[in-house]
Amino acid sequence: MCTGKCSRFVGLSLIPLSLVCMVANALLLVPQGKTNWTNVSNLSLQVWLMAGFVGGGLMVLCPGIAAVRAGGKGCCGVGCCGNRCRMLRSIFSSAFGVLGAIYCLSVSGAGLRIGPICLINGQWEYHFKDTEGSYLLNHTLWDLCVEPPGVVSWNVTLFSLLVAASCLEVVLCGIQLVNATLGVFCGDCRKKEGTPQ
């Protein structure tokens with residue numbers, strides 16, 4: 001596969017992943033789809049850090065778009081030089097995307113380990129903080145949270161989705177870093193239109 005086609009494939013994979021991260025983070029702000037608990041004291045710090053929206057979302061969306069543009073023929077110069085410029089831009093964007101995906105992965109992993117803030121025995125706290133993540137395997141503990149109802153399964157599902165998506169984003173941005181570097185130094189293997197084969 002040549003560097004241009006690989007760039008397009010990576011870019012077209014990163015764009016939906018970044019949108020998934022943004023939607024997952026938006027859903028974390030409204031447990032069970034209700035805004036009753038959307039305030040600073042009822043949502044965990046990991047939700048408010050917006051790792052899915054900023055890190056796995058916007059910081060990866062830019063490299064995705066840059067990779068698609070690097071893989072295309074187009075407006076940023078003609079021929080070999082124009083493609084190399086787009087590939088160079090894609091290198092910097094992909095490095096930026098790796099940082100964003102790592103940020104999303106770290107915050108989401110911490111959100112899974114610490115657990116949500118919920119109401120148990122009249123207190124809003126991180127009740128699962130001391131379990132060091134073992135609450136994930138003990139579903140009977142999940143029912144102890146009175147409010148928001150079902151918040152543990154909601155957070156576990158969405159933070160797990162963010163962890164999985166950001167892991168894929170780190171891999172894809174890393175692949176694009178290598179691919180774009182090859183594209184800058186070696187050029188694109190695609191044949192020019194009208195060239196005899």
# chains A, B, ... in the order shown; residues from 1 in each chain; ligands from 1
call {"tool": "residues_around", "arguments": {"residues": "A:Val107", "least_positions_apart": "4", "cutoff": "12 Å", "atoms": "only C-alpha atoms", "output": "PyMOL selection string"}}
result
chain A and resi 25+44-56+100-103+111-115+159-160+162-163+166
call {"tool": "select_by_dssp", "arguments": {"residues": "stretch 72-139 of chain A", "states": "strand (DSSP E or B)", "output": "list in words"}}
result
Cys118, Leu119, Ile120, Gln123, Trp124 and Glu125 of chain A
call {"tool": "write_last_selection", "arguments": {"atoms": "C-alpha atoms", "output": "PDB file, in the first residue's frame"}}
result
ATOM      1  CA  CYS A 118     -22.955   8.824  43.498  1.00  0.00           C
ATOM      2  CA  LEU A 119     -25.371   9.070  46.405  1.00  0.00           C
ATOM      3  CA  ILE A 120     -25.023   6.288  48.984  1.00  0.00           C
ATOM      4  CA  GLN A 123     -23.549  11.258  50.845  1.00  0.00           C
ATOM      5  CA  TRP A 124     -22.313  12.266  47.386  1.00  0.00           C
ATOM      6  CA  GLU A 125     -18.795  10.831  47.157  1.00  0.00           C
TER       7      GLU A 125
END
call {"tool": "residues_around", "arguments": {"residues": "A:Leu168", "least_positions_apart": "5", "cutoff": "12 Å", "atoms": "only C-alpha atoms", "output": "list of chain:residue names"}}
result
A:Val10, A:Ser13, A:Leu14, A:Ile15, A:Pro16, A:Leu17, A:Ser18, A:Val20, A:Cys21, A:Gly56, A:Val60, A:Gly97, A:Val98, A:Ala101, A:Ile102, A:Cys104, A:Leu105, A:Leu161, A:Leu162, A:Val163, A:Cys173, A:Gly174, A:Ile175
call {"tool": "closest_atom_pairs", "arguments": {"of": "stretch 21-107 of chain A", "to": "stretch 139-156 of chain A", "cutoff": "8 Å", "atoms": "only C-alpha atoms", "output": "CSV"}}
result
residue,atom,partner,partner_atom,distance
A:Leu28,CA,A:Asn155,CA,6.7
A:Pro31,CA,A:Val151,CA,6.1
A:Gln32,CA,A:Trp154,CA,6.9
A:Trp37,CA,A:Pro148,CA,6.8
call {"tool": "write_last_selection", "arguments": {"atoms": "N, CA and C atoms", "output": "mmCIF file, in the first residue's frame"}}
result
data_model
loop_
_atom_site.group_PDB
_atom_site.id
_atom_site.type_symbol
_atom_site.label_atom_id
_atom_site.label_comp_id
_atom_site.auth_asym_id
_atom_site.auth_seq_id
_atom_site.Cartn_x
_atom_site.Cartn_y
_atom_site.Cartn_z
ATOM 1 N N LEU A 28 -21.549 11.298 28.976
ATOM 2 C CA LEU A 28 -21.108 11.228 30.370
ATOM 3 C C LEU A 28 -21.619 12.419 31.185
ATOM 4 N N PRO A 31 -25.992 11.681 32.872
ATOM 5 C CA PRO A 31 -26.225 10.287 33.253
ATOM 6 C C PRO A 31 -27.657 9.836 32.940
ATOM 7 N N GLN A 32 -27.752 8.711 32.252
ATOM 8 C CA GLN A 32 -29.028 8.140 31.817
ATOM 9 C C GLN A 32 -29.818 9.102 30.924
ATOM 10 N N TRP A 37 -28.616 15.659 37.183
ATOM 11 C CA TRP A 37 -27.380 15.526 37.967
ATOM 12 C C TRP A 37 -26.193 16.208 37.297
#
call {"tool": "residues_around", "arguments": {"residues": "A:Phe9", "least_positions_apart": "4", "cutoff": "9 Å", "atoms": "only C-alpha atoms", "output": "compact mmCIF listing (two decimals) with C-alpha atoms, in the first residue's frame"}}
result
# COMPACT_ATOMS: atom_id res chain seq x y z
CA GLY A 4 -1.14 8.23 0.05
CA LYS A 5 -3.65 5.39 0.23
CA SER A 13 -10.61 5.71 10.46
CA LEU A 14 -9.60 8.52 12.83
CA ALA A 67 -4.25 12.48 6.95
CA VAL A 68 -7.16 12.41 4.48
CA GLY A 71 -3.64 11.03 0.97
call {"tool": "atom_distance", "arguments": {"atom1": "atom CA of A:Ala165", "atom2": "atom CA of A:Asp130"}}
result
26.6 Å
call {"tool": "select_by_dssp", "arguments": {"residues": "stretch 49-156 of chain A", "states": "alpha helix (DSSP H)", "output": "NGL selection string"}}
result
:A and (59-71 or 79-114 or 139-142 or 151-156)
call {"tool": "write_last_selection", "arguments": {"atoms": "C-alpha atoms", "output": "PDB file, in the first residue's frame"}}
result
ATOM      1  CA  MET A  59      -7.125  16.734  19.068  1.00  0.00           C
ATOM      2  CA  VAL A  60      -7.600  13.596  16.931  1.00  0.00           C
ATOM      3  CA  LEU A  61     -10.104  15.031  14.466  1.00  0.00           C
ATOM      4  CA  CYS A  62      -7.469  17.469  13.154  1.00  0.00           C
ATOM      5  CA  PRO A  63      -4.914  14.694  12.364  1.00  0.00           C
ATOM      6  CA  GLY A  64      -7.685  12.643  10.785  1.00  0.00           C
ATOM      7  CA  ILE A  65      -8.547  15.457   8.409  1.00  0.00           C
ATOM      8  CA  ALA A  66      -4.854  16.172   7.756  1.00  0.00           C
ATOM      9  CA  ALA A  67      -4.253  12.484   6.945  1.00  0.00           C
ATOM     10  CA  VAL A  68      -7.163  12.406   4.476  1.00  0.00           C
ATOM     11  CA  ARG A  69      -5.811  15.546   2.807  1.00  0.00           C
ATOM     12  CA  ALA A  70      -2.287  14.085   2.738  1.00  0.00           C
ATOM     13  CA  GLY A  71      -3.638  11.027   0.972  1.00  0.00           C
ATOM     14  CA  GLY A  79       2.969  16.801  -7.885  1.00  0.00           C
ATOM     15  CA  CYS A  80       5.603  15.416  -5.615  1.00  0.00           C
ATOM     16  CA  CYS A  81       6.358  18.630  -3.704  1.00  0.00           C
ATOM     17  CA  GLY A  82       2.722  19.342  -2.856  1.00  0.00           C
ATOM     18  CA  ASN A  83       2.165  15.826  -1.547  1.00  0.00           C
ATOM     19  CA  ARG A  84       5.332  15.988   0.579  1.00  0.00           C
ATOM     20  CA  CYS A  85       4.142  19.253   2.132  1.00  0.00           C
ATOM     21  CA  ARG A  86       0.816  17.663   3.057  1.00  0.00           C
ATOM     22  CA  MET A  87       2.647  14.648   4.488  1.00  0.00           C
ATOM     23  CA  LEU A  88       4.887  16.926   6.568  1.00  0.00           C
ATOM     24  CA  ARG A  89       1.819  18.694   7.949  1.00  0.00           C
ATOM     25  CA  SER A  90       0.336  15.286   8.713  1.00  0.00           C
ATOM     26  CA  ILE A  91       3.423  14.348  10.769  1.00  0.00           C
ATOM     27  CA  PHE A  92       2.917  17.299  13.108  1.00  0.00           C
ATOM     28  CA  SER A  93      -0.852  16.731  13.268  1.00  0.00           C
ATOM     29  CA  SER A  94      -0.380  13.049  14.069  1.00  0.00           C
ATOM     30  CA  ALA A  95       2.034  13.842  16.902  1.00  0.00           C
ATOM     31  CA  PHE A  96      -0.610  16.238  18.256  1.00  0.00           C
ATOM     32  CA  GLY A  97      -3.206  13.458  17.890  1.00  0.00           C
ATOM     33  CA  VAL A  98      -1.066  10.961  19.817  1.00  0.00           C
ATOM     34  CA  LEU A  99      -0.901  13.432  22.719  1.00  0.00           C
ATOM     35  CA  GLY A 100      -4.664  13.945  22.642  1.00  0.00           C
ATOM     36  CA  ALA A 101      -5.379  10.210  22.513  1.00  0.00           C
ATOM     37  CA  ILE A 102      -2.975   9.557  25.414  1.00  0.00           C
ATOM     38  CA  TYR A 103      -4.724  12.288  27.415  1.00  0.00           C
ATOM     39  CA  CYS A 104      -8.094  10.661  26.706  1.00  0.00           C
ATOM     40  CA  LEU A 105      -6.740   7.214  27.592  1.00  0.00           C
ATOM     41  CA  SER A 106      -5.248   8.394  30.911  1.00  0.00           C
ATOM     42  CA  VAL A 107      -8.297  10.324  32.091  1.00  0.00           C
ATOM     43  CA  SER A 108     -10.737   7.604  31.002  1.00  0.00           C
ATOM     44  CA  GLY A 109      -8.636   4.916  32.678  1.00  0.00           C
ATOM     45  CA  ALA A 110      -8.623   6.980  35.869  1.00  0.00           C
ATOM     46  CA  GLY A 111     -12.393   7.406  35.562  1.00  0.00           C
ATOM     47  CA  LEU A 112     -12.812   3.636  35.371  1.00  0.00           C
ATOM     48  CA  ARG A 113     -10.467   3.006  38.295  1.00  0.00           C
ATOM     49  CA  ILE A 114     -11.951   5.622  40.646  1.00  0.00           C
ATOM     50  CA  HIS A 139     -21.956  -5.852  40.059  1.00  0.00           C
ATOM     51  CA  THR A 140     -23.762  -6.015  43.398  1.00  0.00           C
ATOM     52  CA  LEU A 141     -21.889  -2.867  44.487  1.00  0.00           C
ATOM     53  CA  TRP A 142     -23.297  -1.028  41.486  1.00  0.00           C
ATOM     54  CA  VAL A 151     -24.693   5.730  36.967  1.00  0.00           C
ATOM     55  CA  VAL A 152     -22.079   3.009  37.491  1.00  0.00           C
ATOM     56  CA  SER A 153     -23.049   1.027  34.395  1.00  0.00           C
ATOM     57  CA  TRP A 154     -23.388   4.305  32.461  1.00  0.00           C
ATOM     58  CA  ASN A 155     -19.873   5.434  33.432  1.00  0.00           C
ATOM     59  CA  VAL A 156     -18.290   2.000  32.982  1.00  0.00           C
TER      60      VAL A 156
END
call {"tool": "atom_distance", "arguments": {"atom1": "atom CA of A:Ala180", "atom2": "atom CA of A:Val23"}}
result
28.5 Å
call {"tool": "closest_residue", "arguments": {"among": "A:Glu132, A:Gly57, A:Val40, A:Gly122", "to": "A:Met22", "atoms": "only C-alpha atoms"}}
result
A:Gly57
